[in-house]
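Q: Please read through the structure below; I'll follow up with questions.
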Amino acid sequence: MQTFNNIEELALAHSLSIEELDNIKKILKRDPNYLEIGIFSAMWSEHCSYKSSKKYLNAFPTTAPWVIQGPGENAGVIDIGDGYAAVFKMESHNHPSFIEPYQGAATGVGGILRDVFTMGARPIANMNSIRFASIQGNSQTAQKHRYLLKGVVSGIGGYGNCMGVPTIGGETTFEECYAGNNLVNAFTLGIAKKDEIFLGLAEGIGNPVMYVGSKTGRDGLGGAVMSSASFTQDSESKRPTVQVGDPFTEKLLLEACLELFKHDYIIGIQDMGAAGLTSSSFEMAGRSGSGMRMDLDKVPSREEGMTPYDFMLSESQERMLICAKKGCEDKIIEIFEKWELDVAVIGEVTNTGNMELFWNNELCANIPIQPLSEQAPILDRPVKKPAYLDEIKNFVMDKEFSNQIVFDKLFCDIEVVDKSWIYNQYDSTVQTNTIKGPGTLDASSVRIKETGKALSMSADCNTRFCYINPELGAAAAVMESGRNVAMSGAVPKAITDCLNFGNPEKEEVMWQFASSCEGIKQACKALNTPVVSGNVSLYNETNKIGIFPTPSIVTVGVNEDANKILPSYLQEDDNILYLLGETKEEFGGSLYMKKMYDTISGVHPEVDFTKELQLWNTVIKANELNLLKSAKDVNVGGIAIALAKMAVKGNKGLEANISLENSNEIFSETLSRAIVEVDKNKCQEFSNFMEKREIICVKIGYVSGDKVIINDIYKNLNSLKDIYFNTFQTIIEQDL
């Protein structure tokens with residue numbers, strides 16, 4: 001153990017400020033010891049306390065008639081009808097995945113799975129949002145990020161596949177801002193009966209506290225604190241703070257917990273995630289206003305010479321903390337031993353209001369629980385609008401390019417092309433519920449066998465939009481995610497978020513964060529999709545260079561009929577194509593701007609929540625009336641790229657002629673638009689339907705042949721398919 005000259009030095013080594021140390025002394029009415037310093041540092045870390053972000057998160061809309069559980073628990077819960085609930089959440093594992101990509105990503109998947117099944121839900125779908133710097137070429141950064149991407153994808157696939165939970169979709173993007181901090185955001189959704197949801201509570205004096213799952217080791221020590229700081233050139237030295245996952249043990253833990261939930265044996269249960277036994281015990285007791293005693297020498301261990309500090313701060317994986325009903329201990333032990341898992345009674349609920357930790361019957365820490373939670377710092381950090389925003393907004397597009405040249409450059413971009421090299425490593429069909437899996441464009445969908453309904457979900461964030469206007473960019477992420485869900489015919493119901501930002505100690509970063517939260521708040525309120533869970537990841541900065549604002553959003557929606565999930569690519573020759581929504585000359589933050597001018601500049605496209613909601617409702621209703629064959633939203637790359645994707649995925653040619661003010665608007669990224677495919681025999685019925693809707697609808701072409709013709713763009717379908725399906729694999733495998 002490292003020695004320190006004084007308590008101030010010890011506190012600073014744990015990333016606590018002197019002001020925070022003074023507050024700890026007031027709470028304890030004495031100086032804290034080494035273990036107590038470790039506990040406070042973990043619970044008051046950015047990762048656990050949200051001290052920089054809580055001020056803004058509290059403004060999110062979190063309620064609706066269908067919301068059963070909002071933020072504050074392990075995961076959010078919404079009512080999906082017929083007595084069932086969807087339980088879901090997204091979390092980040094950015095810092096660990098940069099240090100050790102395989103285990104960082106794998107344990108991110110494991111952690112979010114536990115967050116969901118600890119609430120009584122069986123996980124039925126995984127997704128992810130992963131972001132890297134460019135992987136093209138032989139630069140040091142490109143080589144590094146090919147390595148990171150391969151490790152992250154392998155970790156996600158390895159853990160999810162072993163768990164038997166399908167990975168049904170996600171998002172992979174590339175921007176140079178992620179050169180020092182790749183992002184790995186993992187999402188899980190599970191299903192439970194809505195009256196059988198379990199919460200993280202520890203109450204009832206004398207009720208036993210039980211430990212279940214894997215043994216505790218020293219892996220992950222200080223992980224929460226590590227994830228609450230920026231990286232520097234010595235970050236490789238932080239490798240020991242990355243946890244190691246075991247999906248086979250997690251599978252046993254999942255099944256044991258679901259068996260446990262069939263009985264009335266427990267009061268509450270909590271995953272041991274960030275800060276391990278510390279956060280789970282303090283949070284369970286804190287929610288109930290209880291006290292707790294724990295005997296740390298009774299915690300199952302797998303290493304020699306472990307100390308109370310190691311047990312409380314370890315982030316070993318596949319572990320849960322249970323508050324059991326007194327007298328049920330033996331029955332619980334029987335269940336977990338049957339599944340060959342460690343299980344032990346390690347303490348009990350008390351009425352002291354304190355966390356009393358013992359080591360071989362000697363008191364080694366005594367901390368008031370409520371003050372630790374209630375007096376955790378809530379910072380009101382200074383904010384300042386970044387100067388770059390004024391510099392980029394007046395960018396002038398002063399060059400002329402043929403649409404053919406622009407299309408060729410945009411369509412082969414790694415952001416556009418198919419990522420089957422990635423998603424083929426994921427099992428997307430296990431459990432046999434997947435209707436719309438990865439690579440099928442827009443949202444992914446799973447069947448709920450028990451009810452005949454379906455759930456659709458989509459992970460989205462245009463980081464370029466967020467860079468040029470954090471508020472509107474965050475709102476656009478909510479809109480895009482919900483729009484993708486609506487394109488599948490499902491009604492968007494709620495979101496979970498993962499807010500990835502740079503160093504909050506920088507005024508400009510906090511301004512970006514505050515602005516993004518305002519955008520999410522306004523969008524969720526207007527679109528009636530409350531925030532039910534989420535995660536904040538700050539300090540995504542290396543050597544003082546931070547990432548773009550990246551508020552990743554997942555929207556979950558309900559389709560009343562699993563047989564009416566709408567495809568997102570072309571279905572049949574001779575069908576007619578329509579464009580819904582108005583196209584404007586809006587290129588700010590667009591792929592066109594990035595590829596043709598090598599800049600991320602301009603003015604953000606107009607955000608109109610009324611138009612967005614009208615688009616959703618129009619597509620959803622038209623699908624209910626069986627008027628549509630397919631639907632795809634228009635986003636990155638504009639109409640031209642959307643149509644080309646629909647063609648190559650459907651293996652169908654098309655001819656489209658779109659009347660525009662300026663010919664290059666075919667690449668505009670105006671929001672709130674979609675392309676729909678209508679059976680040629682239902683065009684009149686569709687036109688009659690659209691007359692009653694307050695949305696622009698224009699016939700633009702038809703499905704036919706083996707060519708893709710879009711205004712003055714002319715491409716052979718087979719050549720487009722070769723580009724779309726083979727480009728990414730060629731790039732990622734160039735080191736072989």
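Please note that chains go A, B, ... in the order of the structure tokens, that every chain numbers its residues from 1, and that ligands are numbered from 1 in the order shown.
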Once DSSP has gone over the backbone, tell me which residues of segment 46-164 of chain A are in alpha helix (DSSP H), as a PyMOL selection string.
A: chain A and resi 46-49+54-57+94-99+101-117+140-163
Q: Mind checking which residues fall within 6 Å of Met457 of chain A, counting only C-alpha atoms, ignoring those fewer than 4 positions away in the same chain, and posting them as a PDB file with all heavy atoms, in the first residue's frame?
A:
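Wrote it out as selection.pdb, contents follow:
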ATOM      1  N   ALA A 443     -34.565   1.324 -37.699  1.00  0.00           N
ATOM      2  CA  ALA A 443     -34.726   0.651 -36.405  1.00  0.00           C
ATOM      3  C   ALA A 443     -34.576  -0.863 -36.516  1.00  0.00           C
ATOM      4  O   ALA A 443     -34.693  -1.448 -37.597  1.00  0.00           O
ATOM      5  CB  ALA A 443     -36.097   0.991 -35.819  1.00  0.00           C
ATOM      6  N   SER A 444     -34.323  -1.485 -35.363  1.00  0.00           N
ATOM      7  CA  SER A 444     -34.347  -2.944 -35.232  1.00  0.00           C
ATOM      8  C   SER A 444     -35.598  -3.327 -34.450  1.00  0.00           C
ATOM      9  O   SER A 444     -36.092  -2.543 -33.631  1.00  0.00           O
ATOM     10  CB  SER A 444     -33.099  -3.439 -34.515  1.00  0.00           C
ATOM     11  OG  SER A 444     -31.927  -3.040 -35.207  1.00  0.00           O
ATOM     12  N   VAL A 485     -37.630   4.542 -35.397  1.00  0.00           N
ATOM     13  CA  VAL A 485     -38.615   3.643 -34.786  1.00  0.00           C
ATOM     14  C   VAL A 485     -39.959   3.768 -35.505  1.00  0.00           C
ATOM     15  O   VAL A 485     -40.616   2.771 -35.824  1.00  0.00           O
ATOM     16  CB  VAL A 485     -38.751   3.949 -33.280  1.00  0.00           C
ATOM     17  CG1 VAL A 485     -39.983   3.272 -32.684  1.00  0.00           C
ATOM     18  CG2 VAL A 485     -37.491   3.505 -32.534  1.00  0.00           C
ATOM     19  N   THR A 555     -34.312   5.174 -28.680  1.00  0.00           N
ATOM     20  CA  THR A 555     -35.769   5.239 -28.505  1.00  0.00           C
ATOM     21  C   THR A 555     -36.335   3.834 -28.601  1.00  0.00           C
ATOM     22  O   THR A 555     -35.908   3.041 -29.453  1.00  0.00           O
ATOM     23  CB  THR A 555     -36.408   6.120 -29.591  1.00  0.00           C
ATOM     24  OG1 THR A 555     -35.912   7.453 -29.463  1.00  0.00           O
ATOM     25  CG2 THR A 555     -37.924   6.153 -29.454  1.00  0.00           C
ATOM     26  N   VAL A 556     -37.301   3.530 -27.745  1.00  0.00           N
ATOM     27  CA  VAL A 556     -38.004   2.253 -27.780  1.00  0.00           C
ATOM     28  C   VAL A 556     -39.466   2.524 -28.104  1.00  0.00           C
ATOM     29  O   VAL A 556     -40.089   3.422 -27.516  1.00  0.00           O
ATOM     30  CB  VAL A 556     -37.891   1.506 -26.432  1.00  0.00           C
ATOM     31  CG1 VAL A 556     -38.748   0.239 -26.425  1.00  0.00           C
ATOM     32  CG2 VAL A 556     -36.430   1.164 -26.146  1.00  0.00           C
TER      33      VAL A 556
END
Q: Just asking: which residues within segment 80-316 of chain A are strand (DSSP E) according to DSSP, as a compact mmCIF listing (two decimals) with C-alpha atoms, in the first residue's frame?
A:
# COMPACT_ATOMS: atom_id res chain seq x y z
CA ILE A 80 -46.10 -2.26 -23.24
CA GLY A 81 -49.60 -3.65 -22.69
CA TYR A 84 -45.95 -6.82 -19.73
CA ALA A 85 -43.21 -4.23 -19.36
CA ALA A 86 -40.05 -3.38 -21.26
CA VAL A 87 -36.98 -2.78 -19.08
CA PHE A 88 -34.06 -0.99 -20.74
CA LYS A 89 -31.02 1.19 -20.31
CA MET A 90 -27.84 2.31 -22.08
CA GLU A 91 -24.49 2.81 -20.38
CA SER A 92 -20.97 3.77 -21.37
CA ARG A 122 -35.20 -11.50 -19.15
CA PRO A 123 -32.95 -9.69 -21.66
CA ILE A 124 -34.19 -10.15 -25.23
CA ALA A 125 -32.18 -7.56 -27.19
CA ASN A 126 -28.78 -5.88 -27.14
CA MET A 127 -27.60 -2.91 -29.19
CA ASN A 128 -24.52 -0.71 -29.13
CA SER A 129 -23.27 2.65 -30.25
CA ILE A 130 -19.54 2.64 -30.96
CA ARG A 131 -17.39 5.49 -32.28
CA PHE A 132 -13.80 5.69 -33.46
CA THR A 167 -27.44 -8.10 -30.70
CA ILE A 168 -30.05 -6.72 -33.09
CA GLY A 169 -28.64 -3.36 -34.16
CA GLY A 170 -26.66 -0.28 -33.31
CA GLU A 171 -24.54 2.47 -34.76
CA THR A 172 -20.89 2.79 -35.77
CA THR A 173 -19.46 6.19 -36.72
CA PHE A 174 -16.05 7.72 -37.34
CA LEU A 183 -16.79 5.49 -27.32
CA VAL A 184 -18.55 2.24 -26.41
CA ASN A 185 -22.18 2.63 -25.35
CA ALA A 186 -24.06 -0.60 -24.63
CA PHE A 187 -27.85 -1.03 -24.54
CA THR A 188 -30.00 -3.91 -23.28
CA LEU A 189 -33.76 -4.40 -23.30
CA GLY A 190 -35.62 -7.05 -21.35
CA ILE A 191 -39.20 -8.18 -20.82
CA ALA A 192 -40.97 -8.78 -17.51
CA LYS A 193 -44.49 -8.91 -16.19
CA PRO A 208 -30.09 -10.39 5.86
CA VAL A 209 -27.80 -8.89 3.20
CA MET A 210 -26.52 -11.55 0.83
CA TYR A 211 -23.73 -11.67 -1.73
CA VAL A 212 -24.22 -13.82 -4.86
CA GLY A 213 -22.29 -14.48 -8.06
CA ILE A 266 -36.27 -11.02 -1.30
CA ILE A 267 -36.85 -7.34 -0.56
CA GLY A 268 -34.48 -5.96 -3.19
CA ILE A 269 -31.52 -6.71 -5.41
CA GLN A 270 -28.78 -4.61 -6.98
CA ASP A 271 -26.03 -5.21 -9.51
CA GLY A 291 -28.62 1.37 7.93
CA MET A 292 -26.51 -1.68 7.13
CA ARG A 293 -23.84 -3.82 8.74
CA MET A 294 -21.50 -5.89 6.59
CA ASP A 295 -18.79 -8.35 7.59
Q: Pick out the closest residue to Ala656 of chain A from this set: A:Asp608, A:Glu624, A:Asp310, A:Asp712. Count only C-alpha atoms.
A: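 When distances to Ala656 of chain A are compared using only C-alpha atoms, the smallest one comes from A:Asp712.
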Q: Between atom CA of Gly327 of chain A and atom CA of Met284 of chain A, what is the distance, to one decimal in Å?
A: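 Taking atom CA of Gly327 of chain A as the start and atom CA of Met284 of chain A as the end point, the length is 19.9 Å.
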Q: Report the distance between atom CA of Ala179 of chain A and atom CA of Glu471 of chain A in Å, rounded to one decimal place.
A: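 That distance, rounded to one decimal, is 23.8 Å.
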Q: Select, from A:Lys521, A:Lys632, A:His47, A:Lys453, the residue with the minimum atom-to-atom distance to Ser568 of chain A, counting only C-alpha atoms.
A: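 Between A:Lys521, A:Lys632, A:His47, A:Lys453, the residue approaching Ser568 of chain A most closely is A:Lys632.
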Q: Here is a test: counting only C-alpha atoms, which residue of A:Thr118, A:Ser41, A:Asn651, A:Gln404 is nearest to Ala256 of chain A?
A: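 When distances to Ala256 of chain A are compared using only C-alpha atoms, the smallest one comes from A:Thr118.
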Q: Using only C-alpha atoms, determine which residues lie at most 12 Å from Leu570 of chain A, disregarding the query and same-chain residues fewer than 5 positions distant; provide the list as an MDAnalysis selection string.
A: chainID A and resid 440:441 575:577 628:632 642:654 675:679 702:704 708
Q: Extract, using only C-alpha atoms, all DNA, RNA and protein residues at most 7 Å from Ile156 of chain A, discarding same-chain residues fewer than 2 positions from it, and format them as a list of chain:residue names.
A: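 The residues satisfying every condition are A:Ala105, A:Ala106, A:Val109, A:Val152, A:Val153, A:Ser154, A:Gly158, A:Tyr159, A:Gly160.
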Q: Would you write out those residues with N, CA, C and O atoms, as a PDB file, in the first residue's frame?
A:
ATOM      1  N   ALA A 105     -15.153  -3.557 -23.592  1.00  0.00           N
ATOM      2  CA  ALA A 105     -16.451  -3.674 -24.255  1.00  0.00           C
ATOM      3  C   ALA A 105     -17.260  -4.839 -23.684  1.00  0.00           C
ATOM      4  O   ALA A 105     -18.482  -4.725 -23.474  1.00  0.00           O
ATOM      5  N   ALA A 106     -16.599  -5.958 -23.434  1.00  0.00           N
ATOM      6  CA  ALA A 106     -17.301  -7.139 -22.922  1.00  0.00           C
ATOM      7  C   ALA A 106     -17.946  -6.855 -21.566  1.00  0.00           C
ATOM      8  O   ALA A 106     -19.116  -7.195 -21.334  1.00  0.00           O
ATOM      9  N   VAL A 109     -21.029  -4.722 -21.814  1.00  0.00           N
ATOM     10  CA  VAL A 109     -22.215  -5.523 -22.151  1.00  0.00           C
ATOM     11  C   VAL A 109     -22.702  -6.285 -20.920  1.00  0.00           C
ATOM     12  O   VAL A 109     -23.905  -6.317 -20.618  1.00  0.00           O
ATOM     13  N   VAL A 152     -13.100  -4.139 -29.638  1.00  0.00           N
ATOM     14  CA  VAL A 152     -14.424  -3.791 -29.114  1.00  0.00           C
ATOM     15  C   VAL A 152     -15.497  -4.704 -29.693  1.00  0.00           C
ATOM     16  O   VAL A 152     -16.347  -5.247 -28.972  1.00  0.00           O
ATOM     17  N   VAL A 153     -15.472  -4.896 -31.008  1.00  0.00           N
ATOM     18  CA  VAL A 153     -16.476  -5.744 -31.658  1.00  0.00           C
ATOM     19  C   VAL A 153     -16.365  -7.177 -31.157  1.00  0.00           C
ATOM     20  O   VAL A 153     -17.379  -7.842 -30.878  1.00  0.00           O
ATOM     21  N   SER A 154     -15.148  -7.661 -31.008  1.00  0.00           N
ATOM     22  CA  SER A 154     -14.947  -9.019 -30.497  1.00  0.00           C
ATOM     23  C   SER A 154     -15.464  -9.152 -29.067  1.00  0.00           C
ATOM     24  O   SER A 154     -16.087 -10.152 -28.705  1.00  0.00           O
ATOM     25  N   GLY A 158     -18.442 -11.522 -28.210  1.00  0.00           N
ATOM     26  CA  GLY A 158     -18.100 -12.641 -27.341  1.00  0.00           C
ATOM     27  C   GLY A 158     -19.004 -12.743 -26.131  1.00  0.00           C
ATOM     28  O   GLY A 158     -19.497 -13.819 -25.791  1.00  0.00           O
ATOM     29  N   TYR A 159     -19.246 -11.606 -25.472  1.00  0.00           N
ATOM     30  CA  TYR A 159     -20.061 -11.638 -24.248  1.00  0.00           C
ATOM     31  C   TYR A 159     -21.535 -11.840 -24.581  1.00  0.00           C
ATOM     32  O   TYR A 159     -22.206 -12.702 -24.007  1.00  0.00           O
ATOM     33  N   GLY A 160     -22.048 -11.061 -25.516  1.00  0.00           N
ATOM     34  CA  GLY A 160     -23.475 -11.165 -25.844  1.00  0.00           C
ATOM     35  C   GLY A 160     -23.844 -12.523 -26.395  1.00  0.00           C
ATOM     36  O   GLY A 160     -24.888 -13.091 -26.041  1.00  0.00           O
TER      37      GLY A 160
END
Q: Excluding Leu472 of chain A and any residue of its chain fewer than 2 positions from it, enumerate the residues within 10 Å of it, using only C-alpha atoms, and give them as a PyMOL selection string.
A: chain A and resi 465-470+474-478+515-516+518-520+522-523+604-607
